[in-house]
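Trainee: This one is target.txt, compact mmCIF, C-alpha atoms.
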# COMPACT_ATOMS: atom_id res chain seq x y z
CA ARG A 118 -11.74 -2.36 -2.95
CA PRO A 119 -9.35 -1.75 -0.05
CA THR A 120 -6.01 -3.49 -0.46
CA SER A 121 -3.31 -4.54 1.94
CA SER A 122 -1.78 -1.12 1.43
CA SER A 123 -5.01 0.71 2.07
CA PRO A 124 -6.96 -0.85 4.95
CA ARG A 125 -10.60 0.02 5.47
CA PRO A 126 -11.10 3.08 7.70
CA ALA A 127 -12.04 2.02 11.21
CA THR A 128 -13.88 3.76 14.00
CA ARG A 129 -12.89 1.25 16.65
CA THR A 130 -10.22 -1.28 17.53
CA SER A 131 -10.35 -4.63 19.25
CA SER A 132 -8.73 -3.12 22.35
CA TRP A 133 -11.13 -0.16 22.64
CA PRO A 134 -14.51 -1.36 21.37
CA ARG A 135 -16.77 1.42 22.63
CA THR A 136 -16.20 5.13 22.24
CA SER A 137 -19.06 7.55 21.73
CA LEU A 138 -19.38 11.17 20.68
CA LEU A 139 -22.19 13.52 21.67
CA ALA A 140 -22.89 17.01 20.35
CA LEU A 141 -24.03 18.98 23.40
CA GLU A 142 -24.80 22.51 22.23
CA PRO A 143 -26.08 23.68 19.87
CA GLU A 144 -27.51 20.70 18.03
CA GLY A 145 -25.10 19.28 15.49
CA ARG A 146 -23.31 16.19 14.34
CA VAL A 147 -19.84 15.10 15.37
CA LEU A 148 -18.40 12.04 13.62
CA LEU A 149 -15.70 9.69 14.86
CA ASP A 150 -12.93 9.26 12.27
CA ALA A 151 -10.31 7.20 14.10
CA LEU A 152 -9.62 5.50 17.42
CA LYS A 153 -6.17 4.00 17.90
CA PRO A 154 -3.18 3.71 20.24
CA SER A 155 -1.54 7.07 20.85
CA GLY A 156 1.66 8.00 19.11
CA ALA A 157 2.29 8.42 15.39
CA PRO A 158 5.81 7.06 14.87
CA LEU A 159 5.43 6.67 11.11
CA ALA A 160 4.10 10.21 10.73
CA ARG A 161 7.20 11.68 12.34
CA GLY A 162 9.68 9.17 10.92
CA SER A 163 10.39 7.52 14.25
CA VAL A 164 11.46 3.96 15.00
CA ALA A 165 9.42 4.01 18.21
CA ALA A 166 6.38 1.75 18.49
CA ALA A 167 2.87 2.93 19.35
CA ASP A 168 1.89 1.74 22.83
CA PRO A 169 -1.80 1.34 23.76
CA ALA A 170 -0.86 1.50 27.45
CA SER A 171 0.15 5.15 27.01
CA GLY A 172 -3.38 6.12 25.97
CA VAL A 173 -5.46 6.42 22.84
CA VAL A 174 -6.04 8.99 20.11
CA VAL A 175 -9.53 9.99 19.04
CA ARG A 176 -9.93 11.89 15.78
CA LEU A 177 -13.30 13.53 15.11
CA HIS A 178 -14.89 16.23 13.01
CA GLU A 179 -17.96 18.48 13.02
CA ALA A 180 -20.16 17.48 10.06
CA ASP A 181 -22.73 20.28 9.64
CA GLY A 182 -20.60 23.41 9.43
CA ARG A 183 -21.75 24.83 12.78
CA PRO A 184 -19.93 25.45 16.07
CA VAL A 185 -20.62 22.72 18.58
CA ARG A 186 -19.51 21.47 21.97
CA ALA A 187 -18.66 17.77 21.78
CA ARG A 188 -18.34 15.17 24.55
CA VAL A 189 -16.13 12.11 24.14
CA THR A 190 -16.76 9.09 26.37
CA GLY A 191 -14.91 5.79 26.34
CA PRO A 192 -15.13 2.21 27.57
CA ARG A 193 -13.54 3.44 30.81
CA PRO A 194 -13.60 6.94 32.35
CA TRP A 195 -10.83 9.18 31.00
CA THR A 196 -8.37 10.29 33.67
CA ALA A 197 -6.60 12.87 31.49
CA GLY A 198 -6.81 14.35 28.02
CA ALA A 199 -5.45 17.02 25.67
CA ARG A 200 -6.04 18.52 22.25
CA ALA A 201 -3.28 17.45 19.83
CA ASP A 202 -1.93 18.33 16.40
CA VAL A 203 -2.00 16.03 13.35
CA LEU A 204 1.23 14.39 14.54
CA GLU A 205 -0.53 13.69 17.84
CA ARG A 206 1.70 15.97 19.89
CA PRO A 207 -0.31 17.14 22.93
CA GLY A 208 -1.38 20.77 23.26
CA ASP A 209 -4.09 22.38 25.39
CA PRO A 210 -5.16 20.04 28.22
CA LEU A 211 -8.74 18.80 28.58
CA VAL A 212 -10.01 18.26 32.13
CA PRO A 213 -12.21 15.15 32.47
CA ASP A 214 -15.80 15.84 33.56
CA GLY A 215 -17.37 12.72 35.03
CA GLY A 216 -14.94 10.62 33.06
CA ALA A 217 -15.76 12.37 29.76
CA LEU A 218 -13.81 14.95 27.75
CA ASP A 219 -15.55 18.07 26.42
CA LEU A 220 -14.19 20.23 23.63
CA ASP A 221 -15.43 23.06 21.41
CA LEU A 222 -15.37 22.61 17.63
CA THR A 223 -15.88 25.17 14.88
CA GLY A 224 -17.80 24.31 11.74
CA PHE A 225 -16.26 21.36 9.86
CA GLU A 226 -13.29 21.38 12.23
CA VAL A 227 -11.21 18.21 12.42
CA ALA A 228 -9.83 17.63 15.92
CA THR A 229 -7.41 15.16 17.46
CA VAL A 230 -7.67 14.26 21.13
CA ARG A 231 -5.22 12.27 23.25
CA ALA A 232 -7.01 10.49 26.07
CA THR A 233 -5.80 8.40 29.02
CA PRO A 234 -8.22 5.75 30.30
CA GLY A 235 -8.44 4.70 33.90
CA GLY A 236 -8.00 1.17 35.19
CA ALA A 237 -5.78 -1.59 33.90
CA PRO A 238 -4.42 -1.34 30.33
CA PRO A 239 -6.44 -3.22 27.70
CA ALA A 240 -5.53 -6.69 26.53
CA PRO A 241 -3.52 -6.58 23.31
CA GLY A 242 -5.52 -7.03 20.12
CA PRO A 243 -4.52 -9.05 17.07
CA GLY A 244 -2.53 -6.15 15.64
CA VAL A 245 -1.76 -5.58 11.97
CA ALA A 246 0.72 -7.54 9.86
CA ALA A 247 3.91 -5.55 9.43
CA HIS A 248 4.65 -6.68 5.88
CA GLU A 249 2.95 -6.49 2.52
CA PRO A 250 1.84 -9.88 1.15
CA ALA A 251 3.46 -9.05 -2.21
CA GLN A 252 7.24 -8.60 -2.12
CA PRO A 253 9.23 -6.61 -3.03
CA VAL A 254 7.46 -3.32 -2.42
CA ALA A 255 7.75 -0.77 -5.23
CA THR A 256 9.28 2.40 -3.80
CA ARG A 257 7.35 4.42 -6.41
CA TYR A 258 4.14 2.78 -5.16
CA TRP A 259 2.00 5.78 -6.16
CA LEU A 260 2.59 4.92 -9.83
CA HIS A 261 0.61 1.73 -9.23
CA ASN A 262 -2.46 3.74 -8.13
CA SER A 263 -2.53 1.64 -4.96
CA GLY A 264 -3.50 4.28 -2.42
CA PRO A 265 -1.45 5.15 0.66
CA ALA A 266 2.10 4.08 1.43
CA PRO A 267 2.73 0.38 2.07
CA ARG A 268 2.65 -1.10 5.56
CA GLY A 269 5.65 0.04 7.51
CA ASN A 270 5.89 3.12 5.27
CA LEU A 271 9.28 3.59 3.55
CA PRO A 272 11.81 3.95 6.38
CA VAL A 273 14.58 3.65 3.78
CA ALA A 274 13.89 4.05 0.06
CA VAL A 275 15.86 3.37 -3.09
CA HIS A 276 15.29 5.09 -6.44
CA LEU A 277 16.86 4.80 -9.89
CA SER A 278 16.76 7.49 -12.58
CA PRO A 279 16.05 8.15 -15.37
CA ALA A 280 12.97 5.98 -15.84
CA ALA A 281 14.27 4.55 -19.14
CA LEU A 282 17.70 4.07 -20.73
CA THR A 283 18.85 3.21 -24.27
CA ALA A 284 21.89 0.94 -24.20
CA SER A 285 23.88 0.90 -27.42
CA GLY A 286 26.87 0.50 -25.09
CA PRO A 287 27.56 1.32 -21.43
CA VAL A 288 24.91 3.57 -19.85
CA THR A 289 24.75 5.35 -16.51
CA ALA A 290 21.90 5.53 -14.01
CA THR A 291 21.73 7.50 -10.77
CA LEU A 292 20.99 5.51 -7.61
CA ARG A 293 19.54 7.42 -4.65
CA ILE A 294 19.21 5.90 -1.19
CA SER A 295 17.36 8.01 1.37
CA SER A 296 16.22 7.62 4.95
CA GLU A 297 12.92 8.91 6.32
CA LEU A 298 13.96 8.15 9.90
CA THR A 299 14.33 11.15 12.21
CA ASP A 300 15.66 9.52 15.36
CA ALA A 301 17.82 6.62 14.16
CA SER A 302 20.52 5.81 11.63
CA ALA A 303 20.09 3.31 8.80
CA ALA A 304 22.63 0.92 7.30
CA GLY A 305 22.46 -1.94 4.82
CA THR A 306 23.23 -2.96 1.25
CA VAL A 307 21.55 -2.28 -2.08
CA ASP A 308 21.77 -5.03 -4.70
CA LEU A 309 21.57 -4.26 -8.41
CA GLY A 310 19.62 -6.74 -10.54
CA HIS A 311 20.46 -6.85 -14.27
CA PRO A 312 20.07 -9.26 -17.23
CA PRO A 313 22.35 -12.33 -17.43
CA GLY A 314 25.57 -11.55 -19.25
CA TRP A 315 25.37 -7.83 -18.41
CA THR A 316 27.52 -6.12 -15.80
CA ALA A 317 26.75 -3.38 -13.30
CA GLU A 318 29.40 -1.36 -11.52
CA PRO A 319 28.95 -1.33 -8.59
CA ALA A 320 26.84 -4.50 -8.39
CA ARG A 321 26.29 -4.04 -4.62
CA LEU A 322 26.39 -0.82 -2.66
CA PRO A 323 26.64 -0.63 1.14
CA TYR A 324 25.12 2.46 2.76
CA ALA A 325 25.18 4.10 6.18
CA LEU A 326 22.85 7.07 6.66
CA GLY A 327 22.19 9.37 9.59
CA PRO A 328 18.68 10.58 10.42
CA GLY A 329 17.13 12.10 7.32
CA GLY A 330 20.25 11.35 5.28
CA PHE A 331 20.65 10.34 1.62
CA THR A 332 23.34 9.36 -0.81
CA LEU A 333 23.72 9.49 -4.62
CA THR A 334 25.79 7.02 -6.62
CA GLU A 335 26.36 6.61 -10.34
CA VAL A 336 25.82 3.04 -11.62
CA THR A 337 27.30 1.96 -14.97
CA LEU A 338 25.43 -0.80 -16.79
CA THR A 339 27.20 -2.54 -19.68
CA PRO A 340 25.43 -4.92 -22.09
CA PRO A 341 27.29 -7.71 -23.88
CA PRO A 342 28.20 -6.89 -27.49
CA ASP A 343 25.70 -9.45 -28.81
CA ALA A 344 22.71 -8.40 -26.64
CA PRO A 345 19.54 -9.01 -28.72
CA PRO A 346 17.38 -5.91 -29.35
CA GLY A 347 14.44 -5.44 -26.99
CA ARG A 348 13.47 -4.20 -23.53
CA TYR A 349 15.34 -5.30 -20.41
CA TRP A 350 15.18 -4.16 -16.78
CA LEU A 351 17.60 -2.77 -14.20
CA GLY A 352 16.49 -3.06 -10.57
CA ALA A 353 17.82 -1.81 -7.24
CA ARG A 354 16.67 -3.61 -4.08
CA LEU A 355 17.27 -3.30 -0.35
CA VAL A 356 15.83 -5.21 2.62
CA ARG A 357 14.92 -3.69 5.97
CA ASP A 358 13.09 -5.37 8.86
CA GLY A 359 12.20 -8.34 6.68
CA GLN A 360 10.55 -6.31 3.92
CA ALA A 361 12.14 -5.73 0.50
CA TYR A 362 11.99 -2.39 -1.31
CA GLU A 363 12.75 -2.07 -5.03
CA ASP A 364 12.86 0.39 -7.90
CA VAL A 365 13.12 -0.73 -11.53
CA VAL A 366 13.90 1.16 -14.76
CA ALA A 367 13.59 0.05 -18.38
CA VAL A 368 16.71 -0.53 -20.50
CA ASP A 369 16.19 -0.69 -24.29
CA VAL A 370 18.66 -2.20 -26.74
CA PRO A 371 18.01 -0.71 -30.21
CA GLY A 372 17.68 -2.74 -33.39
CA ALA A 373 15.17 -4.87 -35.26
CA VAL A 374 13.65 -7.80 -33.39
CA PRO A 375 13.09 -11.03 -35.37
CA GLU A 376 9.44 -12.00 -35.73
CA GLY A 377 8.18 -14.11 -32.83
CA GLU A 378 10.85 -12.99 -30.35
CA PRO A 379 10.00 -10.82 -27.32
CA ASP A 380 10.50 -7.08 -27.68
CA GLY A 381 8.47 -4.95 -25.25
CA ARG A 382 9.80 -1.56 -26.38
CA THR A 383 6.41 -0.48 -27.74
CA GLY A 384 3.03 -1.08 -26.19
CA PRO A 385 2.35 -2.50 -22.71
CA THR A 386 5.19 -4.35 -21.01
CA LEU A 387 2.68 -6.70 -19.39
CA LEU A 388 -0.67 -7.92 -20.73
CA ALA A 389 -3.42 -9.03 -18.34
CA ARG A 390 -6.75 -10.75 -19.00
CA LEU A 391 -9.32 -12.83 -17.18
CA GLY A 392 -9.68 -16.43 -18.32
CA VAL A 393 -13.49 -16.35 -18.10
CA GLU A 394 -16.25 -14.21 -19.60
CA ARG A 395 -18.70 -14.69 -16.74
CA ILE A 396 -18.58 -16.15 -13.22
CA HIS A 397 -21.54 -18.13 -11.93
CA VAL A 398 -21.36 -19.69 -8.47
CA ARG A 399 -24.08 -21.25 -6.34
CA ARG A 400 -24.38 -20.20 -2.72
CA GLY A 401 -21.92 -22.30 -0.69
CA GLU A 402 -19.76 -23.28 -3.67
CA ARG A 403 -16.30 -22.05 -4.61
CA ALA A 404 -14.81 -21.10 -7.97
CA THR A 405 -11.36 -20.12 -9.23
CA VAL A 406 -11.12 -17.21 -11.66
CA PRO A 407 -7.94 -17.49 -13.78
CA VAL A 408 -5.94 -14.33 -14.48
CA VAL A 409 -3.45 -14.69 -17.34
CA LEU A 410 -0.39 -12.42 -17.40
CA ARG A 411 1.91 -12.28 -20.44
CA ASN A 412 5.35 -10.65 -20.48
CA PRO A 413 6.47 -9.43 -23.94
CA THR A 414 9.86 -8.12 -22.74
CA ARG A 415 13.31 -9.75 -22.57
CA GLY A 416 13.53 -9.57 -18.76
CA PRO A 417 11.40 -10.88 -15.89
CA VAL A 418 8.51 -8.69 -14.79
CA GLY A 419 7.43 -8.76 -11.14
CA GLY A 420 4.64 -6.89 -9.43
CA THR A 421 1.36 -7.04 -7.56
CA LEU A 422 -2.01 -8.42 -8.64
CA TRP A 423 -5.17 -7.10 -6.97
CA ALA A 424 -8.67 -8.55 -7.06
CA VAL A 425 -11.18 -5.73 -7.53
CA SER A 426 -14.87 -6.45 -6.99
CA SER A 427 -18.08 -4.71 -6.03
CA TRP A 428 -19.33 -3.93 -2.53
CA GLY A 429 -20.74 -6.97 -0.80
CA THR A 430 -18.27 -9.46 -2.26
CA TRP A 431 -15.01 -8.64 -0.47
CA ALA A 432 -15.39 -11.32 2.21
CA GLY A 433 -15.68 -13.96 -0.50
CA VAL A 434 -13.01 -12.81 -2.97
CA ALA A 435 -9.41 -13.70 -2.14
CA PRO A 436 -6.60 -13.03 -2.14
CA GLY A 437 -7.20 -9.33 -2.39
CA CYS A 438 -3.51 -8.85 -3.15
CA GLN A 439 -0.80 -11.26 -4.34
CA GLY A 440 2.65 -11.01 -5.87
CA PHE A 441 3.75 -12.40 -9.23
CA THR A 442 6.83 -12.81 -11.41
CA VAL A 443 6.53 -13.56 -15.13
CA ALA A 444 9.63 -14.80 -16.94
CA ALA A 445 10.85 -13.05 -20.10
CA GLY A 446 8.61 -13.78 -23.08
CA GLU A 447 6.41 -16.12 -21.02
CA SER A 448 2.88 -16.26 -19.62
CA LEU A 449 1.71 -16.97 -16.07
CA GLU A 450 -1.72 -17.94 -14.77
CA CYS A 451 -2.75 -16.67 -11.33
CA GLY A 452 -5.98 -17.43 -9.53
CA ILE A 453 -8.64 -15.45 -7.68
CA GLU A 454 -10.84 -17.56 -5.42
CA VAL A 455 -14.57 -16.83 -5.06
CA ASP A 456 -16.23 -18.33 -1.97
CA ALA A 457 -19.97 -17.97 -2.49
CA ALA A 458 -20.62 -19.00 1.13
CA ALA A 459 -19.43 -15.50 2.10
CA VAL A 460 -21.41 -13.59 -0.56
CA GLU A 461 -25.14 -12.98 -0.57
CA PRO A 462 -27.02 -14.08 -3.72
CA GLY A 463 -26.98 -11.36 -6.34
CA SER A 464 -25.28 -9.99 -9.43
CA TYR A 465 -21.90 -8.28 -8.99
CA TRP A 466 -18.78 -7.51 -11.01
CA LEU A 467 -15.12 -8.51 -10.74
CA LEU A 468 -11.87 -7.55 -12.46
CA ALA A 469 -8.13 -7.81 -11.80
CA LYS A 470 -5.54 -5.06 -11.61
CA ALA A 471 -1.79 -5.50 -12.08
CA GLY A 472 0.94 -3.06 -11.02
CA TRP A 473 4.58 -3.53 -12.07
CA HIS A 474 7.68 -1.35 -12.53
CA GLY A 475 5.62 1.85 -12.33
CA CYS A 476 2.93 0.64 -14.77
CA VAL A 477 -0.70 -0.38 -14.25
CA ALA A 478 -3.11 -2.58 -16.22
CA TYR A 479 -6.74 -3.51 -15.62
CA THR A 480 -8.54 -6.50 -17.10
CA GLU A 481 -12.05 -6.32 -18.43
CA ALA A 482 -14.80 -6.53 -15.83
CA VAL A 483 -17.02 -9.60 -15.86
CA VAL A 484 -20.31 -10.44 -14.18
CA LEU A 485 -20.05 -12.33 -10.89
CA GLU A 486 -23.39 -13.99 -10.22
CA VAL A 487 -24.18 -15.81 -6.98
CA THR A 488 -27.38 -17.85 -6.95
CA PRO A 489 -29.17 -19.55 -4.04
Take the structure in the file and write it out as structure tokens.

Mentor:
Amino acid sequence: RPTSSSPRPATRTSSWPRTSLLALEPEGRVLLDALKPSGAPLARGSVAAADPASGVVVRLHEADGRPVRARVTGPRPWTAGARADVLERPGDPLVPDGGALDLDLTGFEVATVRATPGGAPPAPGPGVAAHEPAQPVATRYWLHNSGPAPRGNLPVAVHLSPAALTASGPVTATLRISSELTDASAAGTVDLGHPPGWTAEPARLPYALGPGGFTLTEVTLTPPPDAPPGRYWLGARLVRDGQAYEDVVAVDVPGAVPEGEPDGRTGPTLLARLGVERIHVRRGERATVPVVLRNPTRGPVGGTLWAVSSWGTWAGVAPGCQGFTVAAGESLECGIEVDAAAVEPGSYWLLAKAGWHGCVAYTEAVVLEVTP
């Protein structure tokens, strides 16, 4: 199921609803992979915004492994065009022929074309939300098996290492702050989050980075002398453009844990299960599927919960992605809503996936049945 971090691939946008591809000679197939405003600021680490008025980018590929001559037509005649590289920088020009752009492709070649339409610029479409619905964003997002980078990419990232510490006394972690920007500086503050009664030095760290810059700082974390044994968490968080980015490492205090008290040093640090064994909804009705999360550690656990369901149900299963925070040693019930008015009658499946602090858990899958 696509998530907020991995939108469904699109072959058109609201601003440019009609673009066609024709294979002219010899016979072959050319497929449209992407159509979007020109410019790839995230790809090159730029703070610039993509502007539909400057043209569009068409990405296409030959699908049969044979050379072919392709023709690209649009909702308006093209007045100019050029082949481009993967960062959408223009190369060899393409001369419009009757308002269309022709180009030669080798077998299985993937090509990028920058095209300028004639006439007035298109009306702006609805756009895409700039922020993830679940905050903060894990800067090691790939450990959550969540697909591509989050919305907005990681213009500035924060990382802590090593991934786990054992604190019989003061311990040291390395904090790295790095900028992916290539044409702008970055400045802000990183806040260190630690258990109550513990101290971190420094507790806050201002940073000022040039393009592509980074900085390394040693952070000393000191537990109180009477810290109960178990697993705790040390987090580093920064905010940029209204979106929070965070990295979290585990901190273990050795010793025996009394029976019944939270520990979390062995086994999963978050347990997830569905609160139902089967979902049955009549067409037009709604149902809430409970998802129970339990935190066996001595510190709060925050992350992202995804609803995962079979093809044909996505329009009726929401939210696809939501944030959560479970207090130390506690449980939390979240909900996934099923709207059977948006799902055709049939038998499907549904499960939930949780990602937190570089860990992932999946619940069991249950039957989702929609009846007339």

Trainee: Please provide the set of residues having any atom within 12 Å of region 427-435 of chain A, restricted to all atoms listed in the file, with same-chain residues fewer than 2 positions apart removed, written as a PyMOL selection string.

Mentor: chain A and resi 118-121+125+398+400-406+422-425+437-439+451-469+482-487

Trainee: As an exercise, work out the distance from CA of Val288 (chain A) to CA of Leu309 (chain A) in Å and give it to one decimal place.

Mentor: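 Answer for the CA of Val288 (chain A) to CA of Leu309 (chain A) separation: 14.3 Å.
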
Trainee: Interatomic distance between CA of Val230 (chain A) and CA of Pro265 (chain A)?

Mentor: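 Calculated distance between CA of Val230 (chain A) and CA of Pro265 (chain A) is 23.3 Å.
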
Trainee: Pick out the closest residue to Pro346 (chain A) from this set: A:Arg399, A:His248, A:Arg415, A:Arg200. Count all atoms listed in the file.

Mentor: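 Answer, going by the shortest atom-to-atom distance: A:Arg415.
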
Trainee: Using CA of Val307 (chain A) and CA of Arg268 (chain A) as the two end points, give the distance in Å to one decimal.

Mentor: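 Separation of CA of Val307 (chain A) and CA of Arg268 (chain A): 20.4 Å.
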
Trainee: Within 6 Å of region 380-391 of chain A, counting all atoms listed in the file, which residues qualify if same-chain residues fewer than 4 places away don't, as a list of chain:residue names?

Mentor: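 Everything that qualifies: A:Gly347, A:Arg348, A:Pro407, A:Val408, A:Val409, A:Leu410, A:Arg411, A:Asn412, A:Pro413, A:Thr414, A:Thr480.
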
Trainee: For the residues in that selection, give me C-alpha atoms as a PDB file, in the frame of the given file.

Mentor:
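selection-v1.pdb written:
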ATOM      1  CA  GLY A 347      14.440  -5.440 -26.990  1.00  0.00           C
ATOM      2  CA  ARG A 348      13.470  -4.200 -23.530  1.00  0.00           C
ATOM      3  CA  PRO A 407      -7.940 -17.490 -13.780  1.00  0.00           C
ATOM      4  CA  VAL A 408      -5.940 -14.330 -14.480  1.00  0.00           C
ATOM      5  CA  VAL A 409      -3.450 -14.690 -17.340  1.00  0.00           C
ATOM      6  CA  LEU A 410      -0.390 -12.420 -17.400  1.00  0.00           C
ATOM      7  CA  ARG A 411       1.910 -12.280 -20.440  1.00  0.00           C
ATOM      8  CA  ASN A 412       5.350 -10.650 -20.480  1.00  0.00           C
ATOM      9  CA  PRO A 413       6.470  -9.430 -23.940  1.00  0.00           C
ATOM     10  CA  THR A 414       9.860  -8.120 -22.740  1.00  0.00           C
ATOM     11  CA  THR A 480      -8.540  -6.500 -17.100  1.00  0.00           C
TER      12      THR A 480
END

Trainee: Neighbours of Pro313 (chain A) within 12 Å (only C-alpha atoms; same-chain residues fewer than 2 positions away dropped), as a PyMOL selection string?

Mentor: chain A and resi 310-311+315-317+338-341+344+349-351+415-417+445

Trainee: Got a sec: who's within 7 Å of Tyr324 (chain A), counting all atoms listed in the file, leaving out chain neighbours fewer than 6 positions off, as an mmCIF file with C-alpha atoms, keeping the file's coordinate frame?

Mentor:
data_model
loop_
_atom_site.group_PDB
_atom_site.id
_atom_site.type_symbol
_atom_site.label_atom_id
_atom_site.label_comp_id
_atom_site.auth_asym_id
_atom_site.auth_seq_id
_atom_site.Cartn_x
_atom_site.Cartn_y
_atom_site.Cartn_z
ATOM 1 C CA ALA A 304 22.630 0.920 7.300
ATOM 2 C CA GLY A 305 22.460 -1.940 4.820
ATOM 3 C CA THR A 306 23.230 -2.960 1.250
#

Trainee: If you count all atoms listed in the file, which residues fall within 6 Å of Gly198 (chain A), apart from same-chain ones fewer than 3 positions away, as number ranges by chain?

Mentor: A: 210-211, 231-232

Trainee: Give the answer as one residue: which of A:Ser155, A:Trp473, A:Arg357, A:Ala251 has the shortest atom-to-atom distance to Pro267 (chain A), using only C-alpha atoms?

Mentor: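 Using only C-alpha atoms, the shortest distance to Pro267 (chain A) belongs to A:Ala251.
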
Trainee: Taking all atoms listed in the file into account, which of A:Arg146, A:Arg206, A:Lys153, A:His397 comes nearest Arg188 (chain A)?

Mentor: A:Arg146

Trainee: Here's a test: counting only C-alpha atoms, identify every protein, DNA and RNA residue with an atom at most 12 Å from (16.6, 6.8, -14.7) in the file's coordinate frame, and state them as a list in words.

Mentor: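 Within 12 Å of (16.6, 6.8, -14.7), the protein and nucleic acid residues are His276, Leu277, Ser278, Pro279, Ala280, Ala281, Leu282, Thr283, Val288, Thr289, Ala290, Thr291, Leu292, Arg293, Glu335, Val336, Thr337, Leu338, Trp350, Leu351, Gly352, Ala353, Asp364, Val365, Val366, Ala367 and Val368 of chain A.
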
Trainee: Keeping only C-alpha atoms, write those residues as a PDB file, in the frame of the given file.

Mentor:
ATOM      1  CA  HIS A 276      15.290   5.090  -6.440  1.00  0.00           C
ATOM      2  CA  LEU A 277      16.860   4.800  -9.890  1.00  0.00           C
ATOM      3  CA  SER A 278      16.760   7.490 -12.580  1.00  0.00           C
ATOM      4  CA  PRO A 279      16.050   8.150 -15.370  1.00  0.00           C
ATOM      5  CA  ALA A 280      12.970   5.980 -15.840  1.00  0.00           C
ATOM      6  CA  ALA A 281      14.270   4.550 -19.140  1.00  0.00           C
ATOM      7  CA  LEU A 282      17.700   4.070 -20.730  1.00  0.00           C
ATOM      8  CA  THR A 283      18.850   3.210 -24.270  1.00  0.00           C
ATOM      9  CA  VAL A 288      24.910   3.570 -19.850  1.00  0.00           C
ATOM     10  CA  THR A 289      24.750   5.350 -16.510  1.00  0.00           C
ATOM     11  CA  ALA A 290      21.900   5.530 -14.010  1.00  0.00           C
ATOM     12  CA  THR A 291      21.730   7.500 -10.770  1.00  0.00           C
ATOM     13  CA  LEU A 292      20.990   5.510  -7.610  1.00  0.00           C
ATOM     14  CA  ARG A 293      19.540   7.420  -4.650  1.00  0.00           C
ATOM     15  CA  GLU A 335      26.360   6.610 -10.340  1.00  0.00           C
ATOM     16  CA  VAL A 336      25.820   3.040 -11.620  1.00  0.00           C
ATOM     17  CA  THR A 337      27.300   1.960 -14.970  1.00  0.00           C
ATOM     18  CA  LEU A 338      25.430  -0.800 -16.790  1.00  0.00           C
ATOM     19  CA  TRP A 350      15.180  -4.160 -16.780  1.00  0.00           C
ATOM     20  CA  LEU A 351      17.600  -2.770 -14.200  1.00  0.00           C
ATOM     21  CA  GLY A 352      16.490  -3.060 -10.570  1.00  0.00           C
ATOM     22  CA  ALA A 353      17.820  -1.810  -7.240  1.00  0.00           C
ATOM     23  CA  ASP A 364      12.860   0.390  -7.900  1.00  0.00           C
ATOM     24  CA  VAL A 365      13.120  -0.730 -11.530  1.00  0.00           C
ATOM     25  CA  VAL A 366      13.900   1.160 -14.760  1.00  0.00           C
ATOM     26  CA  ALA A 367      13.590   0.050 -18.380  1.00  0.00           C
ATOM     27  CA  VAL A 368      16.710  -0.530 -20.500  1.00  0.00           C
TER      28      VAL A 368
END

Trainee: Considering only C-alpha atoms, state which residue in the set A:Gly145, A:Pro323, A:Pro154, A:Pro287 is at the smallest distance from Leu355 (chain A).

Mentor: A:Pro323
